[in-house]
>>> print(open('start-v9.pdb').read())   # PDB, N, CA and C atoms
ATOM      1  N   MET Z   1       6.042  -7.919  -6.089
ATOM      2  CA  MET Z   1       6.613  -8.458  -4.889
ATOM      3  C   MET Z   1       6.563  -9.976  -4.987
ATOM      4  N   ASP Z   2       7.639 -10.584  -5.416
ATOM      5  CA  ASP Z   2       7.673 -12.007  -5.697
ATOM      6  C   ASP Z   2       7.690 -12.885  -4.452
ATOM      7  N   ASP Z   3       8.036 -12.324  -3.297
ATOM      8  CA  ASP Z   3       8.168 -13.160  -2.116
ATOM      9  C   ASP Z   3       6.890 -13.274  -1.301
ATOM     10  N   ALA Z   4       5.815 -12.593  -1.703
ATOM     11  CA  ALA Z   4       4.557 -12.694  -0.957
ATOM     12  C   ALA Z   4       3.970 -14.083  -1.136
ATOM     13  N   ARG Z   5       3.466 -14.652  -0.073
ATOM     14  CA  ARG Z   5       2.846 -15.974  -0.155
ATOM     15  C   ARG Z   5       1.396 -15.885  -0.601
ATOM     16  N   PHE Z   6       0.699 -14.798  -0.236
ATOM     17  CA  PHE Z   6      -0.702 -14.633  -0.605
ATOM     18  C   PHE Z   6      -0.888 -13.299  -1.306
ATOM     19  N   VAL Z   7      -1.787 -13.279  -2.291
ATOM     20  CA  VAL Z   7      -2.098 -12.044  -3.018
ATOM     21  C   VAL Z   7      -3.597 -11.810  -2.912
ATOM     22  N   VAL Z   8      -3.973 -10.607  -2.471
ATOM     23  CA  VAL Z   8      -5.365 -10.168  -2.469
ATOM     24  C   VAL Z   8      -5.504  -9.251  -3.677
ATOM     25  N   HIS Z   9      -6.236  -9.714  -4.674
ATOM     26  CA  HIS Z   9      -6.334  -8.998  -5.946
ATOM     27  C   HIS Z   9      -7.346  -7.856  -5.861
ATOM     28  N   GLY Z  10      -7.383  -7.046  -6.917
ATOM     29  CA  GLY Z  10      -8.258  -5.881  -6.962
ATOM     30  C   GLY Z  10      -9.734  -6.227  -6.854
ATOM     31  N   LEU Z  11     -10.523  -5.213  -6.649
ATOM     32  CA  LEU Z  11     -11.969  -5.369  -6.490
ATOM     33  C   LEU Z  11     -12.625  -5.863  -7.774
ATOM     34  N   SER Z  12     -13.489  -6.833  -7.632
ATOM     35  CA  SER Z  12     -14.259  -7.352  -8.754
ATOM     36  C   SER Z  12     -15.438  -6.419  -9.028
ATOM     37  N   PRO Z  13     -15.881  -6.310 -10.279
ATOM     38  CA  PRO Z  13     -17.061  -5.491 -10.570
ATOM     39  C   PRO Z  13     -18.325  -6.006  -9.851
ATOM     40  N   HIS Z  14     -18.314  -7.273  -9.489
ATOM     41  CA  HIS Z  14     -19.468  -7.881  -8.822
ATOM     42  C   HIS Z  14     -19.268  -8.000  -7.315
ATOM     43  N   GLY Z  15     -18.195  -7.441  -6.807
ATOM     44  CA  GLY Z  15     -17.910  -7.493  -5.375
ATOM     45  C   GLY Z  15     -16.888  -8.552  -5.042
ATOM     46  N   GLY Z  16     -16.169  -8.325  -3.998
ATOM     47  CA  GLY Z  16     -15.179  -9.286  -3.537
ATOM     48  C   GLY Z  16     -13.819  -9.111  -4.176
ATOM     49  N   ARG Z  17     -12.855  -9.789  -3.596
ATOM     50  CA  ARG Z  17     -11.482  -9.772  -4.083
ATOM     51  C   ARG Z  17     -10.956 -11.204  -4.110
ATOM     52  N   LEU Z  18     -10.407 -11.598  -5.251
ATOM     53  CA  LEU Z  18      -9.807 -12.922  -5.361
ATOM     54  C   LEU Z  18      -8.577 -12.996  -4.468
ATOM     55  N   VAL Z  19      -8.333 -14.171  -3.915
ATOM     56  CA  VAL Z  19      -7.164 -14.409  -3.085
ATOM     57  C   VAL Z  19      -6.429 -15.608  -3.673
ATOM     58  N   THR Z  20      -5.142 -15.436  -3.951
ATOM     59  CA  THR Z  20      -4.326 -16.525  -4.478
ATOM     60  C   THR Z  20      -3.137 -16.768  -3.563
ATOM     61  N   MET Z  21      -2.564 -17.967  -3.702
ATOM     62  CA  MET Z  21      -1.399 -18.337  -2.911
ATOM     63  C   MET Z  21      -0.255 -18.680  -3.848
ATOM     64  N   HIS Z  22       0.897 -18.100  -3.551
ATOM     65  CA  HIS Z  22       2.098 -18.344  -4.357
ATOM     66  C   HIS Z  22       2.881 -19.501  -3.753
ATOM     67  N   ARG Z  23       3.295 -20.422  -4.605
ATOM     68  CA  ARG Z  23       4.167 -21.522  -4.186
ATOM     69  C   ARG Z  23       5.431 -21.469  -5.019
ATOM     70  N   GLU Z  24       6.566 -21.574  -4.368
ATOM     71  CA  GLU Z  24       7.859 -21.472  -5.041
ATOM     72  C   GLU Z  24       8.032 -22.501  -6.153
ATOM     73  N   ASP Z  25       7.453 -23.677  -5.987
ATOM     74  CA  ASP Z  25       7.673 -24.765  -6.941
ATOM     75  C   ASP Z  25       6.687 -24.759  -8.106
ATOM     76  N   ARG Z  26       5.838 -23.732  -8.210
ATOM     77  CA  ARG Z  26       4.840 -23.683  -9.273
ATOM     78  C   ARG Z  26       4.959 -22.389 -10.074
ATOM     79  N   MET Z  27       4.639 -22.478 -11.344
ATOM     80  CA  MET Z  27       4.661 -21.303 -12.208
ATOM     81  C   MET Z  27       3.451 -20.406 -11.958
ATOM     82  N   GLU Z  28       2.304 -21.002 -11.661
ATOM     83  CA  GLU Z  28       1.079 -20.239 -11.469
ATOM     84  C   GLU Z  28       0.656 -20.282 -10.010
ATOM     85  N   ASP Z  29       0.004 -19.216  -9.575
ATOM     86  CA  ASP Z  29      -0.512 -19.165  -8.213
ATOM     87  C   ASP Z  29      -1.816 -19.956  -8.133
ATOM     88  N   ASP Z  30      -2.109 -20.465  -6.950
ATOM     89  CA  ASP Z  30      -3.334 -21.220  -6.709
ATOM     90  C   ASP Z  30      -4.426 -20.302  -6.181
ATOM     91  N   TYR Z  31      -5.622 -20.436  -6.730
ATOM     92  CA  TYR Z  31      -6.787 -19.713  -6.222
ATOM     93  C   TYR Z  31      -7.175 -20.346  -4.892
ATOM     94  N   VAL Z  32      -7.344 -19.509  -3.854
ATOM     95  CA  VAL Z  32      -7.746 -20.050  -2.552
ATOM     96  C   VAL Z  32      -9.095 -19.515  -2.078
ATOM     97  N   GLY Z  33      -9.648 -18.519  -2.756
ATOM     98  CA  GLY Z  33     -10.967 -18.041  -2.374
ATOM     99  C   GLY Z  33     -11.251 -16.632  -2.850
ATOM    100  N   THR Z  34     -12.467 -16.187  -2.578
ATOM    101  CA  THR Z  34     -12.880 -14.814  -2.852
ATOM    102  C   THR Z  34     -13.363 -14.218  -1.540
ATOM    103  N   ALA Z  35     -12.781 -13.101  -1.170
ATOM    104  CA  ALA Z  35     -13.130 -12.435   0.091
ATOM    105  C   ALA Z  35     -14.039 -11.244  -0.195
ATOM    106  N   PHE Z  36     -15.112 -11.151   0.583
ATOM    107  CA  PHE Z  36     -16.038 -10.034   0.485
ATOM    108  C   PHE Z  36     -15.945  -9.124   1.702
ATOM    109  N   SER Z  37     -15.096  -9.521   2.651
ATOM    110  CA  SER Z  37     -14.926  -8.750   3.878
ATOM    111  C   SER Z  37     -13.608  -9.158   4.533
ATOM    112  N   GLU Z  38     -13.222  -8.410   5.545
ATOM    113  CA  GLU Z  38     -12.023  -8.740   6.321
ATOM    114  C   GLU Z  38     -12.162 -10.124   6.963
ATOM    115  N   HIS Z  39     -13.345 -10.400   7.478
ATOM    116  CA  HIS Z  39     -13.603 -11.699   8.099
ATOM    117  C   HIS Z  39     -13.395 -12.838   7.094
ATOM    118  N   ASP Z  40     -13.940 -12.679   5.883
ATOM    119  CA  ASP Z  40     -13.751 -13.687   4.829
ATOM    120  C   ASP Z  40     -12.272 -13.912   4.556
ATOM    121  N   LEU Z  41     -11.529 -12.825   4.429
ATOM    122  CA  LEU Z  41     -10.102 -12.938   4.123
ATOM    123  C   LEU Z  41      -9.376 -13.726   5.200
ATOM    124  N   LEU Z  42      -9.636 -13.418   6.453
ATOM    125  CA  LEU Z  42      -8.971 -14.129   7.543
ATOM    126  C   LEU Z  42      -9.318 -15.616   7.524
ATOM    127  N   LEU Z  43     -10.566 -15.950   7.243
ATOM    128  CA  LEU Z  43     -10.966 -17.356   7.151
ATOM    129  C   LEU Z  43     -10.261 -18.063   5.995
ATOM    130  N   ILE Z  44     -10.176 -17.398   4.846
ATOM    131  CA  ILE Z  44      -9.511 -17.976   3.671
ATOM    132  C   ILE Z  44      -8.034 -18.226   3.961
ATOM    133  N   LEU Z  45      -7.369 -17.235   4.539
ATOM    134  CA  LEU Z  45      -5.947 -17.381   4.837
ATOM    135  C   LEU Z  45      -5.710 -18.493   5.858
ATOM    136  N   ARG Z  46      -6.552 -18.569   6.854
ATOM    137  CA  ARG Z  46      -6.428 -19.637   7.866
ATOM    138  C   ARG Z  46      -6.651 -21.001   7.222
ATOM    139  N   SER Z  47      -7.656 -21.105   6.368
ATOM    140  CA  SER Z  47      -7.938 -22.374   5.682
ATOM    141  C   SER Z  47      -6.808 -22.797   4.758
ATOM    142  N   ALA Z  48      -6.082 -21.818   4.229
ATOM    143  CA  ALA Z  48      -4.963 -22.107   3.325
ATOM    144  C   ALA Z  48      -3.681 -22.445   4.082
ATOM    145  N   GLY Z  49      -3.742 -22.425   5.415
ATOM    146  CA  GLY Z  49      -2.590 -22.858   6.188
ATOM    147  C   GLY Z  49      -1.845 -21.791   6.957
ATOM    148  N   LEU Z  50      -2.325 -20.566   6.933
ATOM    149  CA  LEU Z  50      -1.670 -19.500   7.684
ATOM    150  C   LEU Z  50      -2.237 -19.497   9.107
ATOM    151  N   PRO Z  51      -1.432 -19.858  10.121
ATOM    152  CA  PRO Z  51      -1.971 -20.070  11.455
ATOM    153  C   PRO Z  51      -2.554 -18.823  12.135
ATOM    154  N   ASP Z  52      -1.951 -17.665  11.970
ATOM    155  CA  ASP Z  52      -2.423 -16.433  12.619
ATOM    156  C   ASP Z  52      -2.538 -15.306  11.596
ATOM    157  N   PRO Z  53      -3.488 -15.404  10.660
ATOM    158  CA  PRO Z  53      -3.554 -14.408   9.592
ATOM    159  C   PRO Z  53      -3.784 -12.989  10.087
ATOM    160  N   ASP Z  54      -4.492 -12.816  11.195
ATOM    161  CA  ASP Z  54      -4.759 -11.464  11.691
ATOM    162  C   ASP Z  54      -3.475 -10.760  12.120
ATOM    163  N   LEU Z  55      -2.424 -11.523  12.404
ATOM    164  CA  LEU Z  55      -1.148 -10.923  12.810
ATOM    165  C   LEU Z  55      -0.272 -10.529  11.625
ATOM    166  N   VAL Z  56      -0.539 -11.097  10.436
ATOM    167  CA  VAL Z  56       0.350 -10.840   9.292
ATOM    168  C   VAL Z  56      -0.367 -10.274   8.067
ATOM    169  N   VAL Z  57      -1.657  -9.992   8.184
ATOM    170  CA  VAL Z  57      -2.410  -9.542   7.013
ATOM    171  C   VAL Z  57      -1.861  -8.223   6.441
ATOM    172  N   ASP Z  58      -1.176  -7.438   7.250
ATOM    173  CA  ASP Z  58      -0.570  -6.193   6.763
ATOM    174  C   ASP Z  58       0.935  -6.300   6.587
ATOM    175  N   ASP Z  59       1.473  -7.495   6.680
ATOM    176  CA  ASP Z  59       2.904  -7.723   6.501
ATOM    177  C   ASP Z  59       3.152  -8.114   5.042
ATOM    178  N   PRO Z  60       3.819  -7.266   4.260
ATOM    179  CA  PRO Z  60       4.015  -7.549   2.840
ATOM    180  C   PRO Z  60       4.853  -8.799   2.570
ATOM    181  N   ARG Z  61       5.507  -9.344   3.584
ATOM    182  CA  ARG Z  61       6.222 -10.611   3.387
ATOM    183  C   ARG Z  61       5.244 -11.770   3.274
ATOM    184  N   TRP Z  62       4.018 -11.609   3.761
ATOM    185  CA  TRP Z  62       3.012 -12.665   3.748
ATOM    186  C   TRP Z  62       1.839 -12.368   2.836
ATOM    187  N   VAL Z  63       1.408 -11.091   2.786
ATOM    188  CA  VAL Z  63       0.214 -10.732   2.015
ATOM    189  C   VAL Z  63       0.507  -9.499   1.171
ATOM    190  N   GLU Z  64       0.226  -9.624  -0.111
ATOM    191  CA  GLU Z  64       0.359  -8.494  -1.036
ATOM    192  C   GLU Z  64      -1.043  -8.059  -1.465
ATOM    193  N   TRP Z  65      -1.320  -6.772  -1.326
ATOM    194  CA  TRP Z  65      -2.604  -6.209  -1.744
ATOM    195  C   TRP Z  65      -2.403  -5.566  -3.113
ATOM    196  N   ARG Z  66      -3.188  -5.972  -4.111
ATOM    197  CA  ARG Z  66      -3.058  -5.438  -5.473
ATOM    198  C   ARG Z  66      -4.365  -4.808  -5.945
ATOM    199  N   GLY Z  67      -4.229  -3.785  -6.772
ATOM    200  CA  GLY Z  67      -5.367  -3.256  -7.505
ATOM    201  C   GLY Z  67      -6.343  -2.379  -6.742
ATOM    202  N   ALA Z  68      -6.224  -2.315  -5.448
ATOM    203  CA  ALA Z  68      -7.080  -1.462  -4.617
ATOM    204  C   ALA Z  68      -6.399  -1.344  -3.258
ATOM    205  N   ALA Z  69      -6.798  -0.362  -2.510
ATOM    206  CA  ALA Z  69      -6.211  -0.153  -1.195
ATOM    207  C   ALA Z  69      -6.451  -1.370  -0.299
ATOM    208  N   ALA Z  70      -5.513  -1.615   0.574
ATOM    209  CA  ALA Z  70      -5.656  -2.703   1.537
ATOM    210  C   ALA Z  70      -6.911  -2.507   2.367
ATOM    211  N   HIS Z  71      -7.590  -3.588   2.629
ATOM    212  CA  HIS Z  71      -8.790  -3.603   3.481
ATOM    213  C   HIS Z  71      -9.981  -2.891   2.866
ATOM    214  N   ARG Z  72      -9.943  -2.660   1.570
ATOM    215  CA  ARG Z  72     -11.097  -2.054   0.887
ATOM    216  C   ARG Z  72     -11.954  -3.179   0.324
ATOM    217  N   TRP Z  73     -13.247  -3.121   0.581
ATOM    218  CA  TRP Z  73     -14.184  -4.145   0.144
ATOM    219  C   TRP Z  73     -15.331  -3.515  -0.613
ATOM    220  N   GLY Z  74     -16.062  -4.271  -1.366
ATOM    221  CA  GLY Z  74     -17.168  -3.765  -2.166
ATOM    222  C   GLY Z  74     -16.961  -4.134  -3.615
ATOM    223  N   SER Z  75     -17.488  -3.333  -4.507
ATOM    224  CA  SER Z  75     -17.329  -3.621  -5.935
ATOM    225  C   SER Z  75     -16.390  -2.611  -6.562
ATOM    226  N   GLY Z  76     -15.807  -3.010  -7.693
ATOM    227  CA  GLY Z  76     -14.794  -2.201  -8.355
ATOM    228  C   GLY Z  76     -15.282  -1.111  -9.193
TER     229      GLY Z  76
END
>>> encode(input="start-v9.pdb", output="C-alpha cells")
Amino acid sequence: MDDARFVVHGLSPHGGRLVTMHREDRMEDDYVGTAFSEHDLLLILRSAGLPDPDLVVDDPRWVEWRGAAAHRWGSG
C-alpha cells in the first residue's frame, strides 16, 4: 500500500513494533519510533504530526499495519 503515510511494522522478537513515516519526496521511509502499546503508537503518531491519530489509526489511507494483526502488541 504505497499511499499510507505511516507503517506499523511486525512484532520484534524483543517486543514492540517499529513505526515509520512515508514521504513522497524520499526513497526511504523515516523511522519515527517503536511502539510497545496502543498508547505508545498514538503518542508517536501525534509527535510525527498527525493531529488526531486515534481517529485514523485504523484507516489504511493513513496507517498500514504489516507483519502482524493490527493492535497486536508483545514479542514476535
>>> residues_around(input="start-v9.pdb", residues="Ala35 (chain Z)", least_positions_apart="6", cutoff="5 Å", atoms="only N, CA and C atoms", output="list of chain:residue names")
Z:Gly16, Z:Arg17, Z:Leu18, Z:Leu41
>>> select_by_dssp(input="start-v9.pdb", residues="chain Z", states="helix (DSSP H, G or I)", output="ChimeraX atom specification")
/Z:38-47,53-56
>>> residues_near_point(input="start-v9.pdb", point="(-7.2, -13.0, 3.3)", cutoff="7 Å", atoms="only C-alpha atoms", output="PyMOL selection string")
chain Z and resi 8+19+35+40-45+57
>>> residues_around(input="start-v9.pdb", residues="Pro13 (chain Z)", least_positions_apart="3", cutoff="8 Å", atoms="all atoms listed in the file", output="ChimeraX atom specification")
/Z:10,16,74-76
>>> residues_around(input="start-v9.pdb", residues="region 62-71 of chain Z", least_positions_apart="6", cutoff="6 Å", atoms="only C-alpha atoms", output="compact mmCIF listing (two decimals) with N, CA and C atoms, in the coordinates of the input")
# COMPACT_ATOMS: atom_id res chain seq x y z
N ALA Z 4 5.82 -12.59 -1.70
CA ALA Z 4 4.56 -12.69 -0.96
C ALA Z 4 3.97 -14.08 -1.14
N ARG Z 5 3.47 -14.65 -0.07
CA ARG Z 5 2.85 -15.97 -0.16
C ARG Z 5 1.40 -15.88 -0.60
N PHE Z 6 0.70 -14.80 -0.24
CA PHE Z 6 -0.70 -14.63 -0.60
C PHE Z 6 -0.89 -13.30 -1.31
N VAL Z 7 -1.79 -13.28 -2.29
CA VAL Z 7 -2.10 -12.04 -3.02
C VAL Z 7 -3.60 -11.81 -2.91
N VAL Z 8 -3.97 -10.61 -2.47
CA VAL Z 8 -5.36 -10.17 -2.47
C VAL Z 8 -5.50 -9.25 -3.68
N HIS Z 9 -6.24 -9.71 -4.67
CA HIS Z 9 -6.33 -9.00 -5.95
C HIS Z 9 -7.35 -7.86 -5.86
N GLY Z 10 -7.38 -7.05 -6.92
CA GLY Z 10 -8.26 -5.88 -6.96
C GLY Z 10 -9.73 -6.23 -6.85
>>> atom_distance(input="start-v9.pdb", atom1="atom C of Val56 (chain Z)", atom2="atom N of Asp29 (chain Z)")
19.8 Å
>>> atom_distance(input="start-v9.pdb", atom1="CA of Asp59 (chain Z)", atom2="atom C of Arg72 (chain Z)")
16.7 Å
>>> atom_distance(input="start-v9.pdb", atom1="CA of Trp73 (chain Z)", atom2="atom N of His39 (chain Z)")
9.7 Å
>>> select_by_dssp(input="start-v9.pdb", residues="region 4-58 of chain Z", states="strand (DSSP E)", output="mmCIF file with N, CA and C atoms, in the coordinates of the input")
data_model
loop_
_atom_site.group_PDB
_atom_site.id
_atom_site.type_symbol
_atom_site.label_atom_id
_atom_site.label_comp_id
_atom_site.auth_asym_id
_atom_site.auth_seq_id
_atom_site.Cartn_x
_atom_site.Cartn_y
_atom_site.Cartn_z
ATOM 1 N N PHE Z 6 0.699 -14.798 -0.236
ATOM 2 C CA PHE Z 6 -0.702 -14.633 -0.605
ATOM 3 C C PHE Z 6 -0.888 -13.299 -1.306
ATOM 4 N N VAL Z 7 -1.787 -13.279 -2.291
ATOM 5 C CA VAL Z 7 -2.098 -12.044 -3.018
ATOM 6 C C VAL Z 7 -3.597 -11.810 -2.912
ATOM 7 N N VAL Z 8 -3.973 -10.607 -2.471
ATOM 8 C CA VAL Z 8 -5.365 -10.168 -2.469
ATOM 9 C C VAL Z 8 -5.504 -9.251 -3.677
ATOM 10 N N HIS Z 9 -6.236 -9.714 -4.674
ATOM 11 C CA HIS Z 9 -6.334 -8.998 -5.946
ATOM 12 C C HIS Z 9 -7.346 -7.856 -5.861
ATOM 13 N N GLY Z 10 -7.383 -7.046 -6.917
ATOM 14 C CA GLY Z 10 -8.258 -5.881 -6.962
ATOM 15 C C GLY Z 10 -9.734 -6.227 -6.854
ATOM 16 N N LEU Z 11 -10.523 -5.213 -6.649
ATOM 17 C CA LEU Z 11 -11.969 -5.369 -6.490
ATOM 18 C C LEU Z 11 -12.625 -5.863 -7.774
ATOM 19 N N ARG Z 17 -12.855 -9.789 -3.596
ATOM 20 C CA ARG Z 17 -11.482 -9.772 -4.083
ATOM 21 C C ARG Z 17 -10.956 -11.204 -4.110
ATOM 22 N N LEU Z 18 -10.407 -11.598 -5.251
ATOM 23 C CA LEU Z 18 -9.807 -12.922 -5.361
ATOM 24 C C LEU Z 18 -8.577 -12.996 -4.468
ATOM 25 N N VAL Z 19 -8.333 -14.171 -3.915
ATOM 26 C CA VAL Z 19 -7.164 -14.409 -3.085
ATOM 27 C C VAL Z 19 -6.429 -15.608 -3.673
ATOM 28 N N THR Z 20 -5.142 -15.436 -3.951
ATOM 29 C CA THR Z 20 -4.326 -16.525 -4.478
ATOM 30 C C THR Z 20 -3.137 -16.768 -3.563
ATOM 31 N N MET Z 21 -2.564 -17.967 -3.702
ATOM 32 C CA MET Z 21 -1.399 -18.337 -2.911
ATOM 33 C C MET Z 21 -0.255 -18.680 -3.848
ATOM 34 N N ASP Z 30 -2.109 -20.465 -6.950
ATOM 35 C CA ASP Z 30 -3.334 -21.220 -6.709
ATOM 36 C C ASP Z 30 -4.426 -20.302 -6.181
ATOM 37 N N TYR Z 31 -5.622 -20.436 -6.730
ATOM 38 C CA TYR Z 31 -6.787 -19.713 -6.222
ATOM 39 C C TYR Z 31 -7.175 -20.346 -4.892
ATOM 40 N N VAL Z 32 -7.344 -19.509 -3.854
ATOM 41 C CA VAL Z 32 -7.746 -20.050 -2.552
ATOM 42 C C VAL Z 32 -9.095 -19.515 -2.078
ATOM 43 N N GLY Z 33 -9.648 -18.519 -2.756
ATOM 44 C CA GLY Z 33 -10.967 -18.041 -2.374
ATOM 45 C C GLY Z 33 -11.251 -16.632 -2.850
ATOM 46 N N THR Z 34 -12.467 -16.187 -2.578
ATOM 47 C CA THR Z 34 -12.880 -14.814 -2.852
ATOM 48 C C THR Z 34 -13.363 -14.218 -1.540
ATOM 49 N N ALA Z 35 -12.781 -13.101 -1.170
ATOM 50 C CA ALA Z 35 -13.130 -12.435 0.091
ATOM 51 C C ALA Z 35 -14.039 -11.244 -0.195
#
